[in-house]
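The structure appears below as structure tokens.
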Amino acid sequence: MYKALIIDDELPARRAIRALGEWDKHGIELAGEADNGITGLQMLDEHSPDLVFVDMKMPLLGGQAFLEQAKRKHPNACYVVISGFDDFDYARSAIQAGSIDYLLKPIRKAELSDVIDRAIALIDKLRDKDRKERKSDIYRNLSVPLVKEKIYSSIIDRNGRFHHISELQAVLDTDSATPCRVAVFKLLNVAEAVRLKFAGDSHAFYFAVTNAIDELLGRWGKAFSFKNSRGDQEIVAVIGSAMEDKDRDETISVLADSLARLFRVSVIAEIGLPVGMDELDESYAEATDKLLSRNMLDLQSVRATGEPSSDRPSVMDKSALFEQAIESGSYRQAGQLLRGWMEETEAAGTFTLRAMLAAENELRLLAESLLTAFLPNVQESIATLEEFDRKIRDRAFVFKDFKDTTLAYFETLFESLAGAGKAGELSAADKVKEYIDLHYFEDMPVSFFAGRFHTSKEHLTRIFKQKYGFGIHEYMLQVRMAKAKEWLADKTVKIQTVSEKVGYRDQNYFSKAFKKFTGQSPQEYRASVAD
């Protein structure tokens with residue numbers, strides 16, 4: 001449980017923080033509010049809060065003076081400065097006074113949520129450490145990077161006024177004589193890497209990855225990297241570097257290979273042009289534009305030479321055919337149409353990240369149009385589109401993952417919509433087969449299917465074999481081995497990774513199963529495909 005105070009002389013600002021903060025989510029009690037610094041100090045003594053939001057400009061006692069007194073009396077609290085002025089004088093004052101972060105008015109929910117998340121993470125770390133001997137070191141090491149991150153983000157996003165950029169360089173520990181470059185990293189399989197290497201702990205993942213990037217870029221100069229708050233896939237690094245343009249592609253390749261080896265994360269990266277500190281947005285824009293030109297069908301290539309948008313097959317060209325298939329109850333035909341579009345896209349040889357993001361928008365339009373036509377329940381439609389936004393929209397993928405994720409989403413949608421129309425019920429055997437096709441990498445005993453489809457194990461086993469000529473486990477093995485062959489054909493994918501992608505955590509067990517099924521070990525099969 002945590003306590004928080006809000007100290008601001010403007011009632012609308014206090015109301016905004018109170019209304020927009022996700023207090024219950026973090027177990028935070030709002031202990032009180034004050035409209036000036038003197039009352040705020042009294043409430044600080046009374047409640048001993050963990051988190052304090054304080055305005056920089058208040059009557060009687062201003063924010064900086066308040067922080068100086070508050071830090072002496074309550075050094076364990078975390079202080080977040082609120083400012084109505086988009087000027088980094090306040091950021092510098094906040095650092096000097098000991099705040100961990102700052103917010104610009106008007107208060108926005110997303111920014112407030114990020115600040116609270118970081119503050120709670122910091123409070124938890126402080127509670128776990130020795131409060132007397134180690135507190136000040138931890139506080140300094142964690143708070144300064146957060147403010148540096150916010151300053152760099154503001155420059156890159158072009159939402160700051162940089163009147164004193166030369167003074168900021170002292171805070172950011174940069175050299176005005178050395179040009180800076182911005183590197184942008186797109187992590188293509190974050191969820192998988194977090195699950196496999198960090199037991200689901202995303203905070204530990206980003207901490208490790210950003211530290212590794214800083215170290216890898218260290219040969220070129222001081223580097224500071226951070227996760228872009230606009231999404232979970234992008235990491236930005238600012239490099240104080242004299243790197244030559246001719247070295248960029250080699251550096252990108254080394255970075256991607258190193259991160260893949262260390263964290264099992266697929267990465268594409270680009271480095272922008274050298275600029276002054278107040279022009280970091282230009283370097284970021286160039287790096288981002290280069291990323292959008294990367295060919296997602298061939299991640300080993302540095303970037304595509306170009307892709308005329310008019311030549312790319314559009315899934316919306318087939319929208320009428322999708323509607324006809326759903327209307328007739330043939331969800332399988334709709335699935336075949338989508339698979340056909342995927343094959344056309346892959347056969348084109350070039351599918352840039354820019355094209356992938358455009359295709360994701362088209363796919364969302366397709367889902368929306370089908371839901372409007374066939375699903376009258378507005379709330380269900382909204383929930384279905386929110387699932388699309390969460391899993392697919394505005395995300396960068398390895399093409400195989402893009403294809404698998406998109407097909408899994410739409411095949412479920414097609415079946416649901418066809419079932420709502422004229423389609424008859426699928427038999428339990430069909431449903432088991434469809435589920436295995438989409439979730440072959442999961443552990444699925446027959447008892448799981450029996451419970452899911454409300455029948456007995458014996459009956460389900462019997463009808464499945466009657467319909468398909470083989471058992472459920474046999475079919476699951478067939479699907480897994482077929483998928484394994486696809487991944488083994490790609491020499492850039494490690495055999496351990498292939499094993500995990502098809503549901504085997506133990507590589508030795510996978511190798512035995514593969515050899516028993518195919519007559520070849522994974523290594524032998526890969527060599528035979530190469531030949």
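Every chain in the structure tokens takes a letter, A first, then B, and so on in the order presented; its residues are numbered from 1, and the ligands are numbered from 1 following the presented order.
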Can you tell me which residues surround Glu149 of chain A at a distance of at most 9 Å, considering only C-alpha atoms, apart from same-chain residues fewer than 2 positions away, and format the answer as JSON, numbers by chain? {"A": [144, 145, 146, 147, 151, 152, 153, 154, 224, 225, 226, 227, 228]}
Enumerate as a PyMOL selection string all residues of segment 342-463 of chain A assigned to helix (DSSP H, G or I) by DSSP on the backbone, naming them with the chain letters and numbers the document uses. chain A and resi 342-347+353-374+378-391+399-420+428-439+446-452+457-463
Store the residues picked out above, limited to C-alpha atoms, as a PDB file, in the first residue's frame.
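That gives us selection_17.pdb:
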```
ATOM      1  CA  MET A 342      -0.285 -13.736 -47.840  1.00  0.00           C
ATOM      2  CA  GLU A 343       1.271 -15.921 -50.544  1.00  0.00           C
ATOM      3  CA  GLU A 344       0.984 -13.107 -53.120  1.00  0.00           C
ATOM      4  CA  THR A 345       2.613 -10.701 -50.693  1.00  0.00           C
ATOM      5  CA  GLU A 346       5.481 -13.085 -49.977  1.00  0.00           C
ATOM      6  CA  ALA A 347       5.958 -13.951 -53.642  1.00  0.00           C
ATOM      7  CA  LEU A 353       8.029  -2.309 -42.759  1.00  0.00           C
ATOM      8  CA  ARG A 354       6.163   0.673 -44.211  1.00  0.00           C
ATOM      9  CA  ALA A 355       4.105  -1.729 -46.343  1.00  0.00           C
ATOM     10  CA  MET A 356       3.521  -4.025 -43.361  1.00  0.00           C
ATOM     11  CA  LEU A 357       2.127  -1.176 -41.270  1.00  0.00           C
ATOM     12  CA  ALA A 358      -0.088  -0.104 -44.181  1.00  0.00           C
ATOM     13  CA  ALA A 359      -1.292  -3.691 -44.580  1.00  0.00           C
ATOM     14  CA  GLU A 360      -2.152  -3.847 -40.879  1.00  0.00           C
ATOM     15  CA  ASN A 361      -4.365  -0.797 -41.303  1.00  0.00           C
ATOM     16  CA  GLU A 362      -6.052  -2.423 -44.299  1.00  0.00           C
ATOM     17  CA  LEU A 363      -6.578  -5.634 -42.337  1.00  0.00           C
ATOM     18  CA  ARG A 364      -8.211  -3.672 -39.549  1.00  0.00           C
ATOM     19  CA  LEU A 365     -10.539  -2.032 -42.087  1.00  0.00           C
ATOM     20  CA  LEU A 366     -11.401  -5.509 -43.361  1.00  0.00           C
ATOM     21  CA  ALA A 367     -12.177  -6.750 -39.847  1.00  0.00           C
ATOM     22  CA  GLU A 368     -14.257  -3.654 -39.142  1.00  0.00           C
ATOM     23  CA  SER A 369     -16.276  -3.975 -42.359  1.00  0.00           C
ATOM     24  CA  LEU A 370     -16.987  -7.678 -41.748  1.00  0.00           C
ATOM     25  CA  LEU A 371     -18.013  -7.046 -38.149  1.00  0.00           C
ATOM     26  CA  THR A 372     -20.330  -4.245 -39.258  1.00  0.00           C
ATOM     27  CA  ALA A 373     -21.934  -6.508 -41.852  1.00  0.00           C
ATOM     28  CA  PHE A 374     -22.313  -9.705 -39.835  1.00  0.00           C
ATOM     29  CA  VAL A 378     -21.598  -3.433 -30.981  1.00  0.00           C
ATOM     30  CA  GLN A 379     -19.806  -4.344 -27.739  1.00  0.00           C
ATOM     31  CA  GLU A 380     -18.562  -7.649 -29.174  1.00  0.00           C
ATOM     32  CA  SER A 381     -17.355  -5.825 -32.293  1.00  0.00           C
ATOM     33  CA  ILE A 382     -15.462  -3.278 -30.209  1.00  0.00           C
ATOM     34  CA  ALA A 383     -13.834  -6.031 -28.140  1.00  0.00           C
ATOM     35  CA  THR A 384     -12.817  -7.898 -31.305  1.00  0.00           C
ATOM     36  CA  LEU A 385     -11.236  -4.787 -32.829  1.00  0.00           C
ATOM     37  CA  GLU A 386      -9.449  -4.007 -29.567  1.00  0.00           C
ATOM     38  CA  GLU A 387      -7.918  -7.489 -29.738  1.00  0.00           C
ATOM     39  CA  PHE A 388      -6.675  -6.684 -33.258  1.00  0.00           C
ATOM     40  CA  ASP A 389      -5.181  -3.400 -32.056  1.00  0.00           C
ATOM     41  CA  ARG A 390      -3.454  -5.187 -29.179  1.00  0.00           C
ATOM     42  CA  LYS A 391      -2.010  -8.065 -31.216  1.00  0.00           C
ATOM     43  CA  PHE A 399       7.040 -12.042 -41.666  1.00  0.00           C
ATOM     44  CA  LYS A 400       6.318 -15.585 -40.482  1.00  0.00           C
ATOM     45  CA  ASP A 401       4.999 -14.234 -37.194  1.00  0.00           C
ATOM     46  CA  PHE A 402       2.985 -11.578 -39.039  1.00  0.00           C
ATOM     47  CA  LYS A 403       1.409 -14.289 -41.156  1.00  0.00           C
ATOM     48  CA  ASP A 404       0.733 -16.691 -38.268  1.00  0.00           C
ATOM     49  CA  THR A 405      -0.665 -14.000 -35.949  1.00  0.00           C
ATOM     50  CA  THR A 406      -2.882 -12.496 -38.640  1.00  0.00           C
ATOM     51  CA  LEU A 407      -4.205 -15.864 -39.823  1.00  0.00           C
ATOM     52  CA  ALA A 408      -4.923 -16.980 -36.257  1.00  0.00           C
ATOM     53  CA  TYR A 409      -6.904 -13.804 -35.574  1.00  0.00           C
ATOM     54  CA  PHE A 410      -8.890 -13.837 -38.816  1.00  0.00           C
ATOM     55  CA  GLU A 411      -9.598 -17.557 -38.935  1.00  0.00           C
ATOM     56  CA  THR A 412     -11.166 -17.255 -35.481  1.00  0.00           C
ATOM     57  CA  LEU A 413     -13.078 -14.175 -36.664  1.00  0.00           C
ATOM     58  CA  PHE A 414     -14.237 -15.847 -39.884  1.00  0.00           C
ATOM     59  CA  GLU A 415     -15.501 -18.887 -37.994  1.00  0.00           C
ATOM     60  CA  SER A 416     -17.315 -16.707 -35.480  1.00  0.00           C
ATOM     61  CA  LEU A 417     -18.986 -14.583 -38.160  1.00  0.00           C
ATOM     62  CA  ALA A 418     -19.893 -17.564 -40.311  1.00  0.00           C
ATOM     63  CA  GLY A 419     -21.393 -19.221 -37.238  1.00  0.00           C
ATOM     64  CA  ALA A 420     -23.452 -16.097 -36.645  1.00  0.00           C
ATOM     65  CA  ALA A 428     -16.005 -31.667 -32.145  1.00  0.00           C
ATOM     66  CA  ALA A 429     -13.372 -33.400 -34.296  1.00  0.00           C
ATOM     67  CA  ASP A 430     -13.198 -30.409 -36.655  1.00  0.00           C
ATOM     68  CA  LYS A 431     -12.855 -28.044 -33.726  1.00  0.00           C
ATOM     69  CA  VAL A 432      -9.987 -30.072 -32.265  1.00  0.00           C
ATOM     70  CA  LYS A 433      -8.197 -30.040 -35.613  1.00  0.00           C
ATOM     71  CA  GLU A 434      -8.701 -26.295 -36.060  1.00  0.00           C
ATOM     72  CA  TYR A 435      -7.428 -25.628 -32.535  1.00  0.00           C
ATOM     73  CA  ILE A 436      -4.291 -27.711 -33.091  1.00  0.00           C
ATOM     74  CA  ASP A 437      -3.626 -25.871 -36.376  1.00  0.00           C
ATOM     75  CA  LEU A 438      -3.570 -22.541 -34.523  1.00  0.00           C
ATOM     76  CA  HIS A 439      -2.045 -23.574 -31.171  1.00  0.00           C
ATOM     77  CA  VAL A 446      -6.835 -35.065 -24.870  1.00  0.00           C
ATOM     78  CA  SER A 447      -8.392 -34.173 -21.514  1.00  0.00           C
ATOM     79  CA  PHE A 448      -7.958 -30.482 -22.423  1.00  0.00           C
ATOM     80  CA  PHE A 449     -10.053 -30.899 -25.572  1.00  0.00           C
ATOM     81  CA  ALA A 450     -12.620 -33.028 -23.763  1.00  0.00           C
ATOM     82  CA  GLY A 451     -13.172 -30.258 -21.243  1.00  0.00           C
ATOM     83  CA  ARG A 452     -13.160 -27.527 -23.871  1.00  0.00           C
ATOM     84  CA  LYS A 457     -11.895 -38.362 -23.913  1.00  0.00           C
ATOM     85  CA  GLU A 458     -12.899 -41.735 -25.315  1.00  0.00           C
ATOM     86  CA  HIS A 459     -15.626 -40.323 -27.554  1.00  0.00           C
ATOM     87  CA  LEU A 460     -13.430 -37.501 -28.807  1.00  0.00           C
ATOM     88  CA  THR A 461     -10.538 -39.849 -29.590  1.00  0.00           C
ATOM     89  CA  ARG A 462     -12.860 -42.212 -31.460  1.00  0.00           C
ATOM     90  CA  ILE A 463     -14.620 -39.621 -33.648  1.00  0.00           C
TER      91      ILE A 463
END
```
Just asking: which residues within segment 186-237 of chain A are strand (DSSP E or B) according to DSSP, as an NGL selection string? :A and (186-187 or 221-227 or 234-237)
Residues from last step as file, N, CA and C atoms, as a PDB file, in the first residue's frame:
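File result-v4.pdb, as written:
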```pdb
ATOM      1  N   LYS A 186      13.954  -1.670 -33.498  1.00  0.00           N
ATOM      2  CA  LYS A 186      12.633  -2.286 -33.455  1.00  0.00           C
ATOM      3  C   LYS A 186      12.805  -3.736 -33.008  1.00  0.00           C
ATOM      4  N   LEU A 187      12.203  -4.081 -31.870  1.00  0.00           N
ATOM      5  CA  LEU A 187      12.272  -5.438 -31.337  1.00  0.00           C
ATOM      6  C   LEU A 187      11.045  -6.186 -31.841  1.00  0.00           C
ATOM      7  N   GLY A 221      31.486   5.928 -28.508  1.00  0.00           N
ATOM      8  CA  GLY A 221      31.336   7.084 -27.632  1.00  0.00           C
ATOM      9  C   GLY A 221      30.262   6.826 -26.593  1.00  0.00           C
ATOM     10  N   LYS A 222      29.940   7.844 -25.801  1.00  0.00           N
ATOM     11  CA  LYS A 222      28.921   7.699 -24.768  1.00  0.00           C
ATOM     12  C   LYS A 222      27.560   7.453 -25.412  1.00  0.00           C
ATOM     13  N   ALA A 223      26.826   6.480 -24.865  1.00  0.00           N
ATOM     14  CA  ALA A 223      25.497   6.164 -25.396  1.00  0.00           C
ATOM     15  C   ALA A 223      24.504   6.088 -24.245  1.00  0.00           C
ATOM     16  N   PHE A 224      23.297   6.529 -24.516  1.00  0.00           N
ATOM     17  CA  PHE A 224      22.213   6.429 -23.534  1.00  0.00           C
ATOM     18  C   PHE A 224      20.981   5.941 -24.273  1.00  0.00           C
ATOM     19  N   SER A 225      20.448   4.786 -23.869  1.00  0.00           N
ATOM     20  CA  SER A 225      19.298   4.206 -24.558  1.00  0.00           C
ATOM     21  C   SER A 225      18.120   4.063 -23.610  1.00  0.00           C
ATOM     22  N   PHE A 226      16.918   4.056 -24.191  1.00  0.00           N
ATOM     23  CA  PHE A 226      15.695   3.963 -23.396  1.00  0.00           C
ATOM     24  C   PHE A 226      14.558   3.460 -24.277  1.00  0.00           C
ATOM     25  N   LYS A 227      13.559   2.871 -23.619  1.00  0.00           N
ATOM     26  CA  LYS A 227      12.369   2.403 -24.332  1.00  0.00           C
ATOM     27  C   LYS A 227      11.495   3.596 -24.680  1.00  0.00           C
ATOM     28  N   GLU A 234       9.975  -0.328 -29.475  1.00  0.00           N
ATOM     29  CA  GLU A 234      11.026   0.592 -29.926  1.00  0.00           C
ATOM     30  C   GLU A 234      11.935   1.038 -28.793  1.00  0.00           C
ATOM     31  N   ILE A 235      13.238   0.909 -29.038  1.00  0.00           N
ATOM     32  CA  ILE A 235      14.253   1.451 -28.137  1.00  0.00           C
ATOM     33  C   ILE A 235      15.049   2.492 -28.909  1.00  0.00           C
ATOM     34  N   VAL A 236      15.276   3.623 -28.265  1.00  0.00           N
ATOM     35  CA  VAL A 236      16.015   4.732 -28.865  1.00  0.00           C
ATOM     36  C   VAL A 236      17.341   4.876 -28.125  1.00  0.00           C
ATOM     37  N   ALA A 237      18.412   5.079 -28.869  1.00  0.00           N
ATOM     38  CA  ALA A 237      19.726   5.321 -28.262  1.00  0.00           C
ATOM     39  C   ALA A 237      20.301   6.613 -28.822  1.00  0.00           C
TER      40      ALA A 237
END
```
Contacts of Leu321 of chain A at 12 Å or less, counting only C-alpha atoms, minus same-chain residues fewer than 2 places along, as a PyMOL selection string? chain A and resi 315-319+323-328+330-331+333-338+366+370
Mind dumping the selected residues with N, CA and C atoms as a short mmCIF file (atom, residue, chain, number, x, y, z; two decimals), in the first residue's frame?
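File selection26.cif, as written:
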```cif
data_model
loop_
_atom_site.label_atom_id
_atom_site.label_comp_id
_atom_site.auth_asym_id
_atom_site.auth_seq_id
_atom_site.Cartn_x
_atom_site.Cartn_y
_atom_site.Cartn_z
N VAL A 315 -5.27 -6.31 -49.50
CA VAL A 315 -6.27 -7.26 -49.02
C VAL A 315 -7.68 -6.69 -49.21
N MET A 316 -7.81 -5.37 -49.23
CA MET A 316 -9.14 -4.77 -49.40
C MET A 316 -9.68 -4.98 -50.81
N ASP A 317 -8.81 -5.33 -51.77
CA ASP A 317 -9.29 -5.64 -53.11
C ASP A 317 -10.17 -6.89 -53.11
N LYS A 318 -10.02 -7.72 -52.07
CA LYS A 318 -10.78 -8.96 -51.98
C LYS A 318 -11.93 -8.86 -50.98
N SER A 319 -12.25 -7.65 -50.51
CA SER A 319 -13.24 -7.51 -49.44
C SER A 319 -14.60 -8.09 -49.83
N GLU A 323 -16.73 -11.15 -47.93
CA GLU A 323 -18.13 -11.03 -47.50
C GLU A 323 -18.98 -12.15 -48.08
N GLN A 324 -18.73 -12.50 -49.36
CA GLN A 324 -19.49 -13.59 -49.98
C GLN A 324 -19.23 -14.91 -49.27
N ALA A 325 -17.96 -15.15 -48.91
CA ALA A 325 -17.62 -16.40 -48.23
C ALA A 325 -18.29 -16.48 -46.87
N ILE A 326 -18.25 -15.39 -46.10
CA ILE A 326 -18.88 -15.38 -44.78
C ILE A 326 -20.38 -15.52 -44.90
N GLU A 327 -20.96 -14.83 -45.89
CA GLU A 327 -22.42 -14.88 -46.06
C GLU A 327 -22.90 -16.28 -46.38
N SER A 328 -22.08 -17.03 -47.13
CA SER A 328 -22.45 -18.41 -47.48
C SER A 328 -22.12 -19.40 -46.37
N SER A 330 -19.07 -20.16 -45.40
CA SER A 330 -17.82 -20.87 -45.69
C SER A 330 -16.63 -20.11 -45.11
N TYR A 331 -16.41 -20.28 -43.81
CA TYR A 331 -15.28 -19.58 -43.19
C TYR A 331 -13.95 -20.13 -43.69
N GLN A 333 -13.30 -20.97 -46.78
CA GLN A 333 -13.01 -20.25 -48.02
C GLN A 333 -12.45 -18.87 -47.73
N ALA A 334 -12.99 -18.21 -46.71
CA ALA A 334 -12.46 -16.90 -46.32
C ALA A 334 -11.01 -17.03 -45.87
N GLY A 335 -10.72 -18.08 -45.12
CA GLY A 335 -9.35 -18.32 -44.68
C GLY A 335 -8.42 -18.57 -45.85
N GLN A 336 -8.90 -19.29 -46.87
CA GLN A 336 -8.08 -19.56 -48.05
C GLN A 336 -7.79 -18.27 -48.82
N LEU A 337 -8.77 -17.37 -48.86
CA LEU A 337 -8.55 -16.07 -49.51
C LEU A 337 -7.43 -15.30 -48.82
N LEU A 338 -7.46 -15.31 -47.49
CA LEU A 338 -6.44 -14.57 -46.75
C LEU A 338 -5.07 -15.22 -46.93
N LEU A 366 -10.69 -4.30 -42.96
CA LEU A 366 -11.40 -5.51 -43.36
C LEU A 366 -12.18 -6.09 -42.19
N LEU A 370 -16.32 -6.38 -41.93
CA LEU A 370 -16.99 -7.68 -41.75
C LEU A 370 -17.81 -7.69 -40.46
#
```
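In this model, the gap between atom CA of Lys125 of chain A and atom CA of Trp23 of chain A comes to 18.9 Å.
The interatomic distance for the pair atom CA of Asp9 of chain A and atom CA of Gly63 of chain A works out to 10.7 Å.
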Smallest atom-to-atom distance to Leu273 of chain A: which of A:Ala489, A:Ala193, A:Arg248, A:Arg181, using only C-alpha atoms? A:Arg181
Fewer than 6 positions away in the same chain doesn't count, so skip those; otherwise give me all residues within 9 Å of Cys78 of chain A, counting only C-alpha atoms, as JSON, numbers by chain. {"A": [49, 50, 51, 52, 53, 98, 99, 100, 101, 119, 120, 122, 123]}
Rounded to one decimal in Å, what is the spacing between atom CA of Glu279 of chain A and atom CA of Asn295 of chain A? 27.8 Å
Could you tell me which of A:Glu33, A:Asp117, A:Asp232, A:Asp490 comes closest to Leu299 of chain A if we count only C-alpha atoms? A:Asp490
Using only C-alpha atoms, can you tell me which of A:Gly200, A:Lys57, A:Phe185, A:Val115 comes closest to Gly21 of chain A? A:Val115
Pick from A:Gly27, A:Gly32, A:Gly84, A:Gly503: nearest to Asp55 of chain A, with only C-alpha atoms counted? A:Gly84
From the list A:Asp278, A:Asn211, A:Val398, A:Arg332, which residue is nearest Arg294 of chain A when using only C-alpha atoms? A:Val398
Compile the contact shell of Asp35 of chain A as a PyMOL selection string: residues with an atom at most 10 Å away, counting only C-alpha atoms, same-chain residues fewer than 3 positions apart removed. chain A and resi 6-11+14+38-40+54-55+58-60
